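Asks: Compact mmCIF, C-alpha atoms, file data.txt:
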```txt
# COMPACT_ATOMS: atom_id res chain seq x y z
CA MET Q 288 -28.88 51.22 -3.50
CA PRO Q 289 -25.09 51.23 -4.06
CA ASP Q 290 -23.67 48.24 -5.92
CA HIS Q 291 -21.49 47.09 -3.02
CA VAL Q 292 -24.54 46.82 -0.69
CA ARG Q 293 -26.71 44.65 -2.98
CA PRO Q 294 -24.88 41.32 -2.39
CA VAL Q 295 -24.99 41.85 1.39
CA ALA Q 296 -28.71 42.70 1.32
CA ALA Q 297 -29.44 39.66 -0.88
CA ARG Q 298 -27.57 37.34 1.52
CA LEU Q 299 -29.36 38.86 4.51
CA ALA Q 300 -32.76 38.38 2.85
CA ALA Q 301 -31.90 34.77 1.97
CA MET Q 302 -30.85 34.05 5.57
CA LEU Q 303 -34.08 35.55 6.94
CA LEU Q 304 -36.19 33.45 4.55
CA LEU Q 305 -34.27 30.33 5.54
CA MET Q 306 -34.82 31.03 9.25
CA LEU Q 307 -38.54 31.61 8.70
CA ALA Q 308 -38.86 28.38 6.71
CA GLN Q 309 -37.18 26.38 9.50
CA GLY Q 310 -39.79 27.63 11.97
CA CYS Q 311 -42.57 26.06 9.91
CA GLY Q 312 -41.47 22.44 10.21
CA PRO Q 313 -43.75 19.54 11.09
CA GLY Q 314 -45.22 19.63 14.57
CA THR Q 315 -44.24 23.21 15.26
CA GLY Q 316 -47.58 24.82 14.42
CA GLY Q 317 -45.58 27.47 12.58
CA THR Q 318 -44.02 28.71 15.81
CA GLY Q 319 -40.67 27.01 15.42
CA LEU Q 320 -41.12 25.43 18.83
CA PRO Q 321 -41.42 21.69 19.43
CA PRO Q 322 -44.89 20.33 20.24
CA ALA Q 323 -45.84 20.85 23.90
CA ALA Q 324 -45.87 17.74 26.08
CA GLY Q 325 -49.00 17.02 27.99
CA VAL Q 326 -51.47 18.75 25.73
CA PRO Q 327 -54.67 16.90 24.81
CA GLY Q 328 -53.98 14.34 22.12
CA SER Q 329 -50.40 13.84 23.22
CA ALA Q 330 -48.95 10.61 24.54
CA VAL Q 331 -49.01 11.95 28.11
CA ALA Q 332 -52.66 13.05 28.06
CA ASP Q 333 -53.78 9.74 26.53
CA ALA Q 334 -51.60 7.59 28.79
CA PRO Q 335 -53.25 5.36 31.38
CA ALA Q 336 -52.62 6.09 35.05
CA ALA Q 337 -50.07 3.25 35.26
CA ALA Q 338 -47.96 4.86 32.52
CA LEU Q 339 -48.00 8.21 34.31
CA SER Q 340 -46.86 6.67 37.57
CA GLU Q 341 -43.80 5.27 35.76
CA ARG Q 342 -42.48 8.75 35.10
CA PRO Q 343 -41.37 11.00 37.96
CA ALA Q 344 -44.17 13.04 39.49
CA ASP Q 345 -44.18 16.76 38.85
CA LEU Q 346 -45.08 17.30 42.53
CA ALA Q 347 -44.63 14.89 45.43
CA GLY Q 348 -44.96 15.08 49.19
CA PRO Q 349 -47.53 15.30 51.93
CA ILE Q 350 -50.70 17.29 51.36
CA GLU Q 351 -50.05 20.58 53.13
CA ARG Q 352 -53.48 22.20 52.97
CA VAL Q 353 -56.95 21.50 51.61
CA ASP Q 354 -59.96 23.78 51.29
CA ALA Q 355 -63.06 23.89 49.10
CA THR Q 356 -61.15 25.04 46.02
CA VAL Q 357 -57.44 24.19 46.43
CA VAL Q 358 -55.14 21.36 47.47
CA ARG Q 359 -51.53 22.32 48.33
CA ILE Q 360 -48.78 19.81 47.53
CA ALA Q 361 -45.05 20.62 47.57
CA ALA Q 362 -45.71 24.34 48.14
CA THR Q 363 -47.94 24.46 45.04
CA ASP Q 364 -51.67 25.24 45.08
CA LEU Q 365 -53.63 23.05 42.65
CA PRO Q 366 -57.21 24.10 41.84
CA LEU Q 367 -59.48 21.17 42.77
CA ALA Q 368 -61.56 21.85 39.66
CA LEU Q 369 -58.52 20.89 37.56
CA CYS Q 370 -57.56 17.76 39.55
CA ASP Q 371 -58.35 14.17 38.65
CA LEU Q 372 -58.08 12.34 41.95
CA VAL Q 373 -57.09 8.67 42.25
CA PHE Q 374 -55.73 6.45 44.99
CA ASP Q 375 -52.28 4.87 44.64
CA ASP Q 376 -53.90 1.69 43.29
CA GLY Q 377 -55.53 3.71 40.46
CA SER Q 378 -59.08 3.57 41.81
CA PRO Q 379 -61.04 6.83 41.66
CA ALA Q 380 -60.97 9.10 44.70
CA THR Q 381 -63.02 12.06 45.82
CA ALA Q 382 -61.99 15.29 47.51
CA ASP Q 383 -63.01 13.71 50.83
CA ALA Q 384 -59.82 11.61 50.64
CA LEU Q 385 -57.63 14.73 50.68
CA ARG Q 386 -56.31 15.27 54.19
CA PRO Q 387 -53.26 17.21 55.35
CA GLY Q 388 -50.31 14.91 55.99
CA VAL Q 389 -51.38 12.23 53.49
CA GLU Q 390 -48.70 11.50 50.88
CA ALA Q 391 -49.59 12.54 47.33
CA ARG Q 392 -48.02 12.70 43.90
CA ALA Q 393 -49.22 14.88 41.03
CA TRP Q 394 -48.57 14.86 37.29
CA ARG Q 395 -49.40 17.69 34.91
CA VAL Q 396 -51.55 16.37 32.05
CA GLY Q 397 -52.35 19.21 29.67
CA GLU Q 398 -54.32 21.81 31.62
CA ARG Q 399 -55.26 19.30 34.33
CA TRP Q 400 -53.50 17.53 37.20
CA ARG Q 401 -53.69 13.81 38.02
CA VAL Q 402 -53.26 13.51 41.78
CA SER Q 403 -52.48 10.11 43.29
CA ILE Q 404 -53.35 9.94 46.97
CA GLY Q 405 -51.83 7.49 49.46
CA ARG Q 406 -54.17 5.55 51.72
```
Could you render the structure as structure tokens?

Replies:
Amino acid sequence: MPDHVRPVAARLAAMLLLMLAQGCGPGTGGTGLPPAAGVPGSAVADAPAAALSERPADLAGPIERVDATVVRIAATDLPLALCDLVFDDGSPATADALRPGVEARAWRVGERWRVSIGR
């Protein structure tokens, strides 16, 4: 390698090592990305229903469609198998409470959805 290229190559290698080291900071899992919100063990997943209702819902509006596997809110199909259903007062609800036209709000909690149904 020519002598005039060595300092440039050394600086480039040092910059690459510095960038790689920054991606391994606490909470990044080595990816360089911040921890994901809403994953199990996070403040959102462990929060009680009252705390979730204090933040804006990810989806809100009337229930548009319901079938044996899906509830549609705000033009988004949510698999019923991934929904935790509650009434607005926080009491547990069942899929029987899902009816088109009823107001609902939904929050993403990890891989699941918490759906609050109006009465």

Asks: Quick one: pull the distance between CA of Trp394 (chain Q) and CA of Leu346 (chain Q), Å, one decimal.

Replies: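 For CA of Trp394 (chain Q) relative to CA of Leu346 (chain Q), the distance reads 6.8 Å.
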
Asks: If you measure from CA of Arg399 (chain Q) to CA of Arg359 (chain Q), what distance in Å do you get, rounded to one decimal?

Replies: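 So the answer is 14.8 Å.
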
Asks: Quick check, in Å to one decimal: how far apart do CA of Ala368 (chain Q) and CA of Thr356 (chain Q) lie?

Replies: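 Computing it gives 7.1 Å between the two atoms.
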
Asks: Go through Q:Ala297, Q:Leu369, Q:Ala362, Q:Val357 one by one, measure the shortest atom-to-atom distance of each to Arg395 (chain Q) using only C-alpha atoms, and give the residue with the smallest value.

Replies: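 Among the listed residues, Q:Leu369 lies closest to Arg395 (chain Q).
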
Asks: So that all listed atoms of region 341-360 of chain Q fit with 5 Å spare on each side, what axis-aligned box centre and edge lengths in Å, to one decimal, would you give as AutoDock Vina command-line options?

Replies:
```
--center_x -52.2 --center_y 15.2 --center_z 44.1 --size_x 31.7 --size_y 29.8 --size_z 28.0
```

Asks: Determine the nearest neighbour of Trp400 (chain Q) from the options Q:Leu367, Q:Ala361, Q:Ile350, Q:Leu385, counting all atoms listed in the file.

Replies: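 Going through Q:Leu367, Q:Ala361, Q:Ile350, Q:Leu385 one by one, the smallest distance to Trp400 (chain Q) is for Q:Leu367.
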
Asks: Just checking: using all atoms listed in the file, which residue out of Q:Asp364, Q:Glu341, Q:Asp375, Q:Asp290 ends up closest to Val389 (chain Q)?

Replies: Q:Asp375

Asks: List the spatial neighbours of Pro379 (chain Q) as a ChimeraX atom specification - criterion: any atom at most 12 Å away, all atoms listed in the file, same-chain residues fewer than 4 positions off excluded.

Replies: /Q:336,370-375,383-384,401-404
